[in-house]
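**Q** Mind having a look at this structure? Questions to follow.
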Amino acid sequence: MKKEKSIRYILNVSAFLCFVFALGLAVLLRLFKSEQFLGWYSKYTETLLSYEIWMQAYGASAVSVIFILLNYTVKAVIPWFPISCICVVAGALFSWYYAVIINIAGLVILFSIKFMWGRKFGGGNAEKILRKYDSVYNFIDKSKTGSPLVLFVLRFMPSIPVNSVSGLYGATDITYGKFILISLSGFAYKLFSYTVIGRNVFDPASASFVVPFMVLSVFSGMALLLISGVLSITPLKNK
């Protein structure tokens, strides 16, 4: 019981900090519109614009696409750059719609590799961890069908290892097509936010750069509160 309360306390505090961070960003965005800041920032706009033009002129190529997709592939095998970084790079190099397509393709590759691994070798450590939560594990494992709702929540939550979730669901009887569609749906707000951040990385004082961070913070806080609520009605199993 103490362990459960401790975990819920951490989740609630983390959610509160996410909301505070989002509020702080809103205040910061307001300060960015002040005349004093705009006067200082104008000195750097031309330099930042030149970097953006150079990146899109020389960085947006077929080689870059291959490099980005290769990073997603490597990410499925060994610890590598965070997915957020890969999405941001794609956004910085390409127009947002091309970047979104590239990132979706990369995520499909990443999800698929670990899903197929789970099909062949089982859920691994992720299965052992989720066995501690009766309701959640039963949603996933009952009749070996896998729970689409739990999959969506796991993709929606911040800082949940995507490879572990993919491997876990590969060990269930969920269809590959359903797995991919739900995974992309749950991850969508993060994918679009990271891509937009990359697209506007050369204009860090713009709303287009700051607002995605706010979206990530608010959604992350909501997800943490959701899990805290689940734990309040789903006690840890006794070891």
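Just remember, in the structure tokens the first chain shown is A, the second B, etc., residues are 1-based per chain, and ligands are 1-based in the order shown.
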Write out as a PyMOL selection string each polymer residue whose atoms come within 9 Å of stretch 156-167 of chain A, counting only C-alpha atoms; drop sequence neighbours fewer than 3 positions from it.
**A** chain A and resi 75-77+110-119+121-127+151-153+170-171+179+183+185-190+216+219-224+227
**Q** Would you kindly return, as a ChimeraX atom specification, each protein, DNA or RNA residue with an atom no farther than 10 Å from any atom of A:Gly59, considering only C-alpha atoms and excluding same-chain residues fewer than 4 positions away?
**A** /A:52-55,63-65,90,92-94
**Q** Output C-alpha atoms for every residue in the selection just made, as a CSV table (one decimal), in the first residue's frame.
**A**
```
chain,number,residue,atom,x,y,z
A,52,GLU,CA,17.4,27.5,-42.0
A,53,ILE,CA,17.8,28.2,-45.7
A,54,TRP,CA,21.2,26.4,-45.7
A,55,MET,CA,19.7,23.4,-43.9
A,63,VAL,CA,20.5,10.7,-48.4
A,64,SER,CA,19.0,12.5,-45.4
A,65,VAL,CA,15.8,10.5,-45.7
A,90,ALA,CA,13.4,15.6,-39.9
A,92,ALA,CA,14.4,20.9,-39.4
A,93,LEU,CA,15.4,19.5,-42.8
A,94,PHE,CA,12.1,19.1,-44.6
```
**Q** Per residue of stretch 148-221 of chain A within 9 Å of stretch 39-49 of chain A, record the nearest atom pair and its distance in Å to one decimal, counting only C-alpha atoms, with rows in chain order and ascending residue number, as CSV.
**A**
```
residue,atom,partner,partner_atom,distance
A:Phe202,CA,A:Leu48,CA,5.4
A:Asp203,CA,A:Leu48,CA,7.0
A:Ala205,CA,A:Tyr41,CA,8.2
```
**Q** Got time to write the residues from that selection, N, CA and C atoms, as a CSV table (one decimal), in the first residue's frame?
**A**
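Once written, part.csv looks like this:
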```csv
chain,number,residue,atom,x,y,z
A,202,PHE,N,14.7,27.2,-35.9
A,202,PHE,CA,15.5,28.4,-36.2
A,202,PHE,C,14.7,29.7,-35.9
A,203,ASP,N,13.6,29.5,-35.2
A,203,ASP,CA,12.8,30.7,-34.8
A,203,ASP,C,12.3,30.4,-33.3
A,205,ALA,N,11.8,31.9,-30.7
A,205,ALA,CA,10.9,32.9,-30.0
A,205,ALA,C,9.5,32.9,-30.5
```
**Q** Give the helix (DSSP H, G or I) residues of stretch 50-210 of chain A, as DSSP finds them on the backbone, and put them as an mmCIF file with N, CA and C atoms, in the first residue's frame.
**A**
```
data_model
loop_
_atom_site.group_PDB
_atom_site.id
_atom_site.type_symbol
_atom_site.label_atom_id
_atom_site.label_comp_id
_atom_site.auth_asym_id
_atom_site.auth_seq_id
_atom_site.Cartn_x
_atom_site.Cartn_y
_atom_site.Cartn_z
ATOM 1 N N SER A 50 19.362 32.411 -42.203
ATOM 2 C CA SER A 50 20.393 31.883 -43.113
ATOM 3 C C SER A 50 20.700 30.426 -42.798
ATOM 4 N N TYR A 51 20.699 30.065 -41.501
ATOM 5 C CA TYR A 51 20.909 28.667 -41.118
ATOM 6 C C TYR A 51 19.769 27.785 -41.641
ATOM 7 N N GLU A 52 18.554 28.301 -41.522
ATOM 8 C CA GLU A 52 17.398 27.530 -41.975
ATOM 9 C C GLU A 52 17.448 27.311 -43.487
ATOM 10 N N ILE A 53 17.769 28.356 -44.229
ATOM 11 C CA ILE A 53 17.843 28.242 -45.693
ATOM 12 C C ILE A 53 18.939 27.260 -46.090
ATOM 13 N N TRP A 54 20.076 27.328 -45.403
ATOM 14 C CA TRP A 54 21.180 26.418 -45.718
ATOM 15 C C TRP A 54 20.791 24.972 -45.440
ATOM 16 N N MET A 55 20.134 24.728 -44.294
ATOM 17 C CA MET A 55 19.737 23.371 -43.929
ATOM 18 C C MET A 55 18.779 22.786 -44.952
ATOM 19 N N GLN A 56 17.800 23.580 -45.387
ATOM 20 C CA GLN A 56 16.806 23.072 -46.314
ATOM 21 C C GLN A 56 17.343 22.965 -47.740
ATOM 22 N N ALA A 57 18.350 23.767 -48.049
ATOM 23 C CA ALA A 57 18.927 23.723 -49.399
ATOM 24 C C ALA A 57 19.880 22.546 -49.572
ATOM 25 N N TYR A 58 20.669 22.263 -48.528
ATOM 26 C CA TYR A 58 21.706 21.237 -48.656
ATOM 27 C C TYR A 58 21.437 19.989 -47.821
ATOM 28 N N ALA A 62 17.646 12.855 -50.527
ATOM 29 C CA ALA A 62 17.322 11.434 -50.376
ATOM 30 C C ALA A 62 18.240 10.774 -49.361
ATOM 31 N N VAL A 63 19.495 11.226 -49.338
ATOM 32 C CA VAL A 63 20.454 10.686 -48.372
ATOM 33 C C VAL A 63 19.986 10.978 -46.940
ATOM 34 N N SER A 64 19.456 12.168 -46.732
ATOM 35 C CA SER A 64 18.957 12.538 -45.405
ATOM 36 C C SER A 64 17.780 11.665 -44.997
ATOM 37 N N VAL A 65 16.898 11.376 -45.947
ATOM 38 C CA VAL A 65 15.759 10.505 -45.658
ATOM 39 C C VAL A 65 16.246 9.125 -45.231
ATOM 40 N N ILE A 66 17.194 8.591 -45.986
ATOM 41 C CA ILE A 66 17.756 7.273 -45.659
ATOM 42 C C ILE A 66 18.416 7.299 -44.285
ATOM 43 N N PHE A 67 19.141 8.378 -43.995
ATOM 44 C CA PHE A 67 19.825 8.502 -42.715
ATOM 45 C C PHE A 67 18.825 8.530 -41.559
ATOM 46 N N ILE A 68 17.734 9.277 -41.739
ATOM 47 C CA ILE A 68 16.714 9.368 -40.688
ATOM 48 C C ILE A 68 16.055 8.011 -40.463
ATOM 49 N N LEU A 69 15.664 7.335 -41.551
ATOM 50 C CA LEU A 69 15.032 6.024 -41.419
ATOM 51 C C LEU A 69 15.991 4.995 -40.839
ATOM 52 N N LEU A 70 17.282 5.134 -41.165
ATOM 53 C CA LEU A 70 18.290 4.240 -40.599
ATOM 54 C C LEU A 70 18.386 4.428 -39.092
ATOM 55 N N ASN A 71 18.258 5.676 -38.641
ATOM 56 C CA ASN A 71 18.293 5.948 -37.203
ATOM 57 C C ASN A 71 17.114 5.295 -36.485
ATOM 58 N N TYR A 72 15.938 5.325 -37.113
ATOM 59 C CA TYR A 72 14.789 4.634 -36.535
ATOM 60 C C TYR A 72 15.050 3.126 -36.450
ATOM 61 N N THR A 73 15.677 2.583 -37.487
ATOM 62 C CA THR A 73 15.971 1.149 -37.507
ATOM 63 C C THR A 73 16.945 0.775 -36.402
ATOM 64 N N VAL A 74 18.008 1.563 -36.267
ATOM 65 C CA VAL A 74 19.001 1.306 -35.224
ATOM 66 C C VAL A 74 18.370 1.448 -33.840
ATOM 67 N N LYS A 75 17.462 2.411 -33.693
ATOM 68 C CA LYS A 75 16.777 2.648 -32.423
ATOM 69 C C LYS A 75 16.018 1.412 -31.963
ATOM 70 N N ILE A 83 13.638 9.325 -29.796
ATOM 71 C CA ILE A 83 12.755 9.515 -30.947
ATOM 72 C C ILE A 83 12.478 10.995 -31.171
ATOM 73 N N SER A 84 12.362 11.747 -30.071
ATOM 74 C CA SER A 84 12.102 13.176 -30.188
ATOM 75 C C SER A 84 13.173 13.870 -31.021
ATOM 76 N N CYS A 85 14.438 13.492 -30.805
ATOM 77 C CA CYS A 85 15.544 14.112 -31.554
ATOM 78 C C CYS A 85 15.461 13.786 -33.038
ATOM 79 N N ILE A 86 15.127 12.540 -33.360
ATOM 80 C CA ILE A 86 15.031 12.139 -34.762
ATOM 81 C C ILE A 86 13.903 12.899 -35.448
ATOM 82 N N CYS A 87 12.763 13.030 -34.751
ATOM 83 C CA CYS A 87 11.629 13.774 -35.312
ATOM 84 C C CYS A 87 11.985 15.236 -35.545
ATOM 85 N N VAL A 88 12.700 15.826 -34.586
ATOM 86 C CA VAL A 88 13.099 17.230 -34.700
ATOM 87 C C VAL A 88 14.032 17.434 -35.891
ATOM 88 N N VAL A 89 14.969 16.519 -36.085
ATOM 89 C CA VAL A 89 15.903 16.616 -37.215
ATOM 90 C C VAL A 89 15.136 16.581 -38.533
ATOM 91 N N ALA A 90 14.179 15.664 -38.644
ATOM 92 C CA ALA A 90 13.379 15.577 -39.870
ATOM 93 C C ALA A 90 12.615 16.885 -40.095
ATOM 94 N N GLY A 91 12.067 17.455 -39.013
ATOM 95 C CA GLY A 91 11.343 18.710 -39.136
ATOM 96 C C GLY A 91 12.228 19.867 -39.546
ATOM 97 N N ALA A 92 13.478 19.857 -39.081
ATOM 98 C CA ALA A 92 14.417 20.934 -39.417
ATOM 99 C C ALA A 92 14.872 20.858 -40.870
ATOM 100 N N LEU A 93 14.915 19.642 -41.422
ATOM 101 C CA LEU A 93 15.439 19.460 -42.773
ATOM 102 C C LEU A 93 14.386 19.603 -43.866
ATOM 103 N N TRP A 96 7.116 20.632 -43.266
ATOM 104 C CA TRP A 96 6.475 19.878 -42.196
ATOM 105 C C TRP A 96 5.720 18.654 -42.701
ATOM 106 N N TYR A 97 5.057 18.743 -43.882
ATOM 107 C CA TYR A 97 4.274 17.611 -44.370
ATOM 108 C C TYR A 97 5.177 16.461 -44.810
ATOM 109 N N TYR A 98 6.341 16.788 -45.422
ATOM 110 C CA TYR A 98 7.292 15.732 -45.759
ATOM 111 C C TYR A 98 7.910 15.139 -44.497
ATOM 112 N N ALA A 99 8.198 15.996 -43.537
ATOM 113 C CA ALA A 99 8.792 15.532 -42.279
ATOM 114 C C ALA A 99 7.844 14.596 -41.538
ATOM 115 N N VAL A 100 6.556 14.931 -41.541
ATOM 116 C CA VAL A 100 5.570 14.065 -40.875
ATOM 117 C C VAL A 100 5.525 12.695 -41.543
ATOM 118 N N ILE A 101 5.524 12.684 -42.878
ATOM 119 C CA ILE A 101 5.501 11.412 -43.614
ATOM 120 C C ILE A 101 6.738 10.580 -43.294
ATOM 121 N N ILE A 102 7.897 11.231 -43.290
ATOM 122 C CA ILE A 102 9.150 10.524 -42.993
ATOM 123 C C ILE A 102 9.132 9.969 -41.570
ATOM 124 N N ASN A 103 8.667 10.770 -40.632
ATOM 125 C CA ASN A 103 8.628 10.317 -39.241
ATOM 126 C C ASN A 103 7.617 9.189 -39.031
ATOM 127 N N ILE A 104 6.483 9.259 -39.725
ATOM 128 C CA ILE A 104 5.518 8.164 -39.647
ATOM 129 C C ILE A 104 6.130 6.881 -40.187
ATOM 130 N N ALA A 105 6.819 6.983 -41.327
ATOM 131 C CA ALA A 105 7.476 5.810 -41.904
ATOM 132 C C ALA A 105 8.521 5.243 -40.945
ATOM 133 N N GLY A 106 9.276 6.134 -40.313
ATOM 134 C CA GLY A 106 10.295 5.691 -39.357
ATOM 135 C C GLY A 106 9.682 4.995 -38.159
ATOM 136 N N LEU A 107 8.585 5.540 -37.638
ATOM 137 C CA LEU A 107 7.919 4.919 -36.494
ATOM 138 C C LEU A 107 7.345 3.556 -36.855
ATOM 139 N N VAL A 108 6.808 3.444 -38.063
ATOM 140 C CA VAL A 108 6.292 2.145 -38.507
ATOM 141 C C VAL A 108 7.419 1.112 -38.529
ATOM 142 N N ILE A 109 8.581 1.519 -39.019
ATOM 143 C CA ILE A 109 9.737 0.613 -39.027
ATOM 144 C C ILE A 109 10.109 0.223 -37.599
ATOM 145 N N LEU A 110 10.191 1.221 -36.712
ATOM 146 C CA LEU A 110 10.570 0.989 -35.324
ATOM 147 C C LEU A 110 9.576 0.073 -34.615
ATOM 148 N N PHE A 111 8.290 0.396 -34.718
ATOM 149 C CA PHE A 111 7.265 -0.416 -34.075
ATOM 150 C C PHE A 111 7.266 -1.847 -34.633
ATOM 151 N N SER A 112 7.437 -1.962 -35.942
ATOM 152 C CA SER A 112 7.330 -3.271 -36.600
ATOM 153 C C SER A 112 8.447 -4.215 -36.185
ATOM 154 N N ILE A 113 9.658 -3.702 -36.101
ATOM 155 C CA ILE A 113 10.803 -4.561 -35.763
ATOM 156 C C ILE A 113 10.614 -5.195 -34.392
ATOM 157 N N LYS A 114 10.268 -4.375 -33.406
ATOM 158 C CA LYS A 114 10.104 -4.909 -32.050
ATOM 159 C C LYS A 114 8.834 -5.751 -31.929
ATOM 160 N N PHE A 115 7.808 -5.427 -32.698
ATOM 161 C CA PHE A 115 6.586 -6.233 -32.698
ATOM 162 C C PHE A 115 6.888 -7.644 -33.200
ATOM 163 N N MET A 116 7.621 -7.718 -34.311
ATOM 164 C CA MET A 116 7.982 -9.025 -34.862
ATOM 165 C C MET A 116 8.912 -9.783 -33.919
ATOM 166 N N TRP A 117 9.758 -9.042 -33.224
ATOM 167 C CA TRP A 117 10.635 -9.661 -32.223
ATOM 168 C C TRP A 117 9.778 -10.291 -31.114
ATOM 169 N N GLY A 118 8.766 -9.568 -30.670
ATOM 170 C CA GLY A 118 7.869 -10.096 -29.645
ATOM 171 C C GLY A 118 7.088 -11.305 -30.141
ATOM 172 N N ARG A 119 6.713 -11.302 -31.425
ATOM 173 C CA ARG A 119 6.014 -12.442 -32.008
ATOM 174 C C ARG A 119 6.859 -13.714 -31.883
ATOM 175 N N LYS A 120 8.165 -13.556 -32.054
ATOM 176 C CA LYS A 120 9.041 -14.725 -32.079
ATOM 177 C C LYS A 120 9.575 -15.101 -30.699
ATOM 178 N N PHE A 121 9.896 -14.083 -29.875
ATOM 179 C CA PHE A 121 10.589 -14.370 -28.621
ATOM 180 C C PHE A 121 9.796 -14.025 -27.362
ATOM 181 N N ASN A 125 10.970 -8.389 -20.548
ATOM 182 C CA ASN A 125 10.896 -7.718 -19.244
ATOM 183 C C ASN A 125 9.633 -6.893 -19.070
ATOM 184 N N ALA A 126 9.115 -6.310 -20.161
ATOM 185 C CA ALA A 126 7.904 -5.498 -20.059
ATOM 186 C C ALA A 126 6.742 -6.318 -19.517
ATOM 187 N N GLU A 127 6.665 -7.575 -19.920
ATOM 188 C CA GLU A 127 5.598 -8.443 -19.438
ATOM 189 C C GLU A 127 5.729 -8.678 -17.936
ATOM 190 N N LYS A 128 6.943 -8.860 -17.463
ATOM 191 C CA LYS A 128 7.171 -9.080 -16.031
ATOM 192 C C LYS A 128 6.765 -7.861 -15.215
ATOM 193 N N ILE A 129 7.059 -6.662 -15.740
ATOM 194 C CA ILE A 129 6.713 -5.432 -15.028
ATOM 195 C C ILE A 129 5.203 -5.253 -14.953
ATOM 196 N N LEU A 130 4.502 -5.452 -16.074
ATOM 197 C CA LEU A 130 3.068 -5.224 -16.109
ATOM 198 C C LEU A 130 2.289 -6.285 -15.342
ATOM 199 N N ASP A 134 -2.662 -6.003 -11.823
ATOM 200 C CA ASP A 134 -3.644 -7.015 -12.212
ATOM 201 C C ASP A 134 -4.524 -6.580 -13.377
ATOM 202 N N SER A 135 -5.197 -5.440 -13.229
ATOM 203 C CA SER A 135 -6.170 -5.019 -14.233
ATOM 204 C C SER A 135 -5.511 -4.742 -15.577
ATOM 205 N N VAL A 136 -4.402 -3.985 -15.529
ATOM 206 C CA VAL A 136 -3.724 -3.621 -16.774
ATOM 207 C C VAL A 136 -3.208 -4.869 -17.488
ATOM 208 N N TYR A 137 -2.590 -5.766 -16.733
ATOM 209 C CA TYR A 137 -2.043 -6.962 -17.366
ATOM 210 C C TYR A 137 -3.155 -7.836 -17.947
ATOM 211 N N ASN A 138 -4.283 -7.932 -17.229
ATOM 212 C CA ASN A 138 -5.388 -8.738 -17.728
ATOM 213 C C ASN A 138 -5.962 -8.156 -19.008
ATOM 214 N N PHE A 139 -6.002 -6.798 -19.089
ATOM 215 C CA PHE A 139 -6.461 -6.168 -20.322
ATOM 216 C C PHE A 139 -5.611 -6.610 -21.502
ATOM 217 N N ILE A 140 -4.304 -6.663 -21.269
ATOM 218 C CA ILE A 140 -3.372 -6.981 -22.348
ATOM 219 C C ILE A 140 -3.343 -8.467 -22.651
ATOM 220 N N ASP A 141 -3.310 -9.271 -21.607
ATOM 221 C CA ASP A 141 -2.985 -10.681 -21.789
ATOM 222 C C ASP A 141 -4.193 -11.608 -21.841
ATOM 223 N N LYS A 142 -5.365 -11.145 -21.408
ATOM 224 C CA LYS A 142 -6.515 -12.035 -21.358
ATOM 225 C C LYS A 142 -6.816 -12.612 -22.738
ATOM 226 N N SER A 143 -6.858 -13.911 -22.832
ATOM 227 C CA SER A 143 -7.099 -14.641 -24.077
ATOM 228 C C SER A 143 -6.042 -14.333 -25.136
ATOM 229 N N LYS A 144 -4.929 -13.748 -24.701
ATOM 230 C CA LYS A 144 -3.833 -13.427 -25.618
ATOM 231 C C LYS A 144 -4.297 -12.583 -26.801
ATOM 232 N N PRO A 148 -6.469 -2.969 -27.123
ATOM 233 C CA PRO A 148 -6.210 -1.764 -27.911
ATOM 234 C C PRO A 148 -6.210 -0.506 -27.052
ATOM 235 N N LEU A 149 -7.109 -0.440 -26.049
ATOM 236 C CA LEU A 149 -7.186 0.734 -25.189
ATOM 237 C C LEU A 149 -5.893 0.931 -24.404
ATOM 238 N N VAL A 150 -5.382 -0.147 -23.821
ATOM 239 C CA VAL A 150 -4.141 -0.054 -23.051
ATOM 240 C C VAL A 150 -2.978 0.305 -23.964
ATOM 241 N N LEU A 151 -2.965 -0.245 -25.172
ATOM 242 C CA LEU A 151 -1.908 0.088 -26.131
ATOM 243 C C LEU A 151 -1.931 1.585 -26.429
ATOM 244 N N PHE A 152 -3.125 2.138 -26.657
ATOM 245 C CA PHE A 152 -3.243 3.567 -26.936
ATOM 246 C C PHE A 152 -2.717 4.383 -25.762
ATOM 247 N N VAL A 153 -3.089 3.994 -24.539
ATOM 248 C CA VAL A 153 -2.656 4.722 -23.344
ATOM 249 C C VAL A 153 -1.147 4.654 -23.190
ATOM 250 N N LEU A 154 -0.564 3.483 -23.433
ATOM 251 C CA LEU A 154 0.884 3.322 -23.299
ATOM 252 C C LEU A 154 1.634 4.168 -24.327
ATOM 253 N N ARG A 155 1.089 4.281 -25.530
ATOM 254 C CA ARG A 155 1.712 5.139 -26.548
ATOM 255 C C ARG A 155 1.505 6.612 -26.216
ATOM 256 N N PHE A 156 0.392 6.919 -25.590
ATOM 257 C CA PHE A 156 0.060 8.301 -25.261
ATOM 258 C C PHE A 156 0.926 8.834 -24.128
ATOM 259 N N VAL A 162 9.123 2.686 -26.061
ATOM 260 C CA VAL A 162 8.312 2.213 -27.185
ATOM 261 C C VAL A 162 8.674 0.784 -27.573
ATOM 262 N N ASN A 163 9.940 0.423 -27.456
ATOM 263 C CA ASN A 163 10.358 -0.924 -27.836
ATOM 264 C C ASN A 163 9.756 -1.982 -26.921
ATOM 265 N N SER A 164 9.708 -1.699 -25.632
ATOM 266 C CA SER A 164 9.146 -2.653 -24.680
ATOM 267 C C SER A 164 7.669 -2.901 -24.960
ATOM 268 N N VAL A 165 6.936 -1.812 -25.239
ATOM 269 C CA VAL A 165 5.509 -1.946 -25.536
ATOM 270 C C VAL A 165 5.305 -2.741 -26.823
ATOM 271 N N SER A 166 6.107 -2.464 -27.836
ATOM 272 C CA SER A 166 5.980 -3.181 -29.110
ATOM 273 C C SER A 166 6.260 -4.660 -28.928
ATOM 274 N N GLY A 167 7.317 -4.986 -28.172
ATOM 275 C CA GLY A 167 7.641 -6.384 -27.927
ATOM 276 C C GLY A 167 6.561 -7.089 -27.144
ATOM 277 N N LEU A 168 6.002 -6.389 -26.168
ATOM 278 C CA LEU A 168 4.929 -6.963 -25.348
ATOM 279 C C LEU A 168 3.708 -7.298 -26.195
ATOM 280 N N TYR A 169 3.316 -6.378 -27.062
ATOM 281 C CA TYR A 169 2.139 -6.620 -27.889
ATOM 282 C C TYR A 169 2.409 -7.604 -29.012
ATOM 283 N N GLY A 170 3.674 -7.746 -29.398
ATOM 284 C CA GLY A 170 4.002 -8.777 -30.373
ATOM 285 C C GLY A 170 3.738 -10.168 -29.833
ATOM 286 N N TYR A 176 -1.359 -7.219 -36.684
ATOM 287 C CA TYR A 176 -0.301 -6.243 -36.966
ATOM 288 C C TYR A 176 -0.877 -4.899 -37.396
ATOM 289 N N GLY A 177 -1.896 -4.934 -38.273
ATOM 290 C CA GLY A 177 -2.487 -3.687 -38.755
ATOM 291 C C GLY A 177 -3.096 -2.872 -37.638
ATOM 292 N N LYS A 178 -3.833 -3.520 -36.745
ATOM 293 C CA LYS A 178 -4.442 -2.819 -35.613
ATOM 294 C C LYS A 178 -3.361 -2.262 -34.699
ATOM 295 N N PHE A 179 -2.319 -3.044 -34.473
ATOM 296 C CA PHE A 179 -1.211 -2.602 -33.619
ATOM 297 C C PHE A 179 -0.570 -1.328 -34.149
ATOM 298 N N ILE A 180 -0.308 -1.285 -35.449
ATOM 299 C CA ILE A 180 0.337 -0.112 -36.050
ATOM 300 C C ILE A 180 -0.579 1.103 -35.991
ATOM 301 N N LEU A 181 -1.852 0.941 -36.354
ATOM 302 C CA LEU A 181 -2.780 2.074 -36.373
ATOM 303 C C LEU A 181 -2.975 2.668 -34.981
ATOM 304 N N ILE A 182 -3.140 1.815 -33.980
ATOM 305 C CA ILE A 182 -3.344 2.313 -32.615
ATOM 306 C C ILE A 182 -2.066 2.940 -32.080
ATOM 307 N N SER A 183 -0.924 2.338 -32.377
ATOM 308 C CA SER A 183 0.359 2.880 -31.927
ATOM 309 C C SER A 183 0.588 4.278 -32.484
ATOM 310 N N LEU A 184 0.323 4.452 -33.778
ATOM 311 C CA LEU A 184 0.497 5.760 -34.399
ATOM 312 C C LEU A 184 -0.503 6.770 -33.849
ATOM 313 N N SER A 185 -1.724 6.323 -33.574
ATOM 314 C CA SER A 185 -2.746 7.225 -33.032
ATOM 315 C C SER A 185 -2.342 7.729 -31.650
ATOM 316 N N GLY A 186 -1.875 6.826 -30.788
ATOM 317 C CA GLY A 186 -1.473 7.226 -29.446
ATOM 318 C C GLY A 186 -0.240 8.103 -29.436
ATOM 319 N N PHE A 187 0.635 7.885 -30.405
ATOM 320 C CA PHE A 187 1.889 8.639 -30.475
ATOM 321 C C PHE A 187 1.754 9.918 -31.283
ATOM 322 N N ALA A 188 0.569 10.141 -31.887
ATOM 323 C CA ALA A 188 0.404 11.221 -32.866
ATOM 324 C C ALA A 188 0.747 12.591 -32.319
ATOM 325 N N TYR A 189 0.263 12.928 -31.118
ATOM 326 C CA TYR A 189 0.499 14.290 -30.611
ATOM 327 C C TYR A 189 1.984 14.541 -30.382
ATOM 328 N N LYS A 190 2.728 13.502 -29.998
ATOM 329 C CA LYS A 190 4.170 13.651 -29.812
ATOM 330 C C LYS A 190 4.871 13.787 -31.161
ATOM 331 N N LEU A 191 4.469 12.958 -32.114
ATOM 332 C CA LEU A 191 5.092 13.013 -33.449
ATOM 333 C C LEU A 191 4.903 14.395 -34.077
ATOM 334 N N PHE A 192 3.682 14.912 -34.070
ATOM 335 C CA PHE A 192 3.418 16.213 -34.681
ATOM 336 C C PHE A 192 4.114 17.338 -33.907
ATOM 337 N N SER A 193 4.106 17.243 -32.582
ATOM 338 C CA SER A 193 4.745 18.290 -31.773
ATOM 339 C C SER A 193 6.243 18.342 -32.032
ATOM 340 N N TYR A 194 6.904 17.193 -32.006
ATOM 341 C CA TYR A 194 8.348 17.154 -32.246
ATOM 342 C C TYR A 194 8.682 17.643 -33.650
ATOM 343 N N THR A 195 7.856 17.267 -34.625
ATOM 344 C CA THR A 195 8.104 17.680 -36.006
ATOM 345 C C THR A 195 7.963 19.190 -36.161
ATOM 346 N N VAL A 196 6.920 19.764 -35.563
ATOM 347 C CA VAL A 196 6.720 21.216 -35.635
ATOM 348 C C VAL A 196 7.840 21.958 -34.910
ATOM 349 N N ILE A 197 8.309 21.408 -33.798
ATOM 350 C CA ILE A 197 9.442 22.010 -33.088
ATOM 351 C C ILE A 197 10.663 22.055 -34.006
ATOM 352 N N GLY A 198 10.926 20.956 -34.694
ATOM 353 C CA GLY A 198 12.056 20.926 -35.616
ATOM 354 C C GLY A 198 11.889 21.905 -36.760
ATOM 355 N N ARG A 199 10.650 22.017 -37.247
ATOM 356 C CA ARG A 199 10.389 22.921 -38.376
ATOM 357 C C ARG A 199 10.644 24.372 -37.995
ATOM 358 N N ALA A 207 5.647 31.461 -31.612
ATOM 359 C CA ALA A 207 4.602 30.622 -31.017
ATOM 360 C C ALA A 207 4.642 29.217 -31.618
ATOM 361 N N SER A 208 5.021 29.111 -32.881
ATOM 362 C CA SER A 208 5.087 27.807 -33.549
ATOM 363 C C SER A 208 6.127 26.896 -32.915
ATOM 364 N N PHE A 209 7.137 27.495 -32.286
ATOM 365 C CA PHE A 209 8.165 26.703 -31.602
ATOM 366 C C PHE A 209 7.769 26.406 -30.157
ATOM 367 N N VAL A 210 7.177 27.375 -29.480
ATOM 368 C CA VAL A 210 6.878 27.239 -28.047
ATOM 369 C C VAL A 210 5.609 26.427 -27.794
#
```
**Q** How far is it from atom CA of A:Pro82 to atom CA of A:Phe19, in Å with one decimal?
**A**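 Here the two named atoms are 22.7 Å from each other.
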**Q** Which of these, A:Val230, A:Val211, A:Val27, A:Leu225, has the shortest distance to A:Asn12 once you count only C-alpha atoms?
**A**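 Result for the nearest residue to A:Asn12: A:Leu225.
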**Q** Rounded to one decimal place, report the atom CA of A:Ser6-atom CA of A:Phe213 distance in Å.
**A**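 Computed distance, atom CA of A:Ser6 to atom CA of A:Phe213, equals 27.6 Å.
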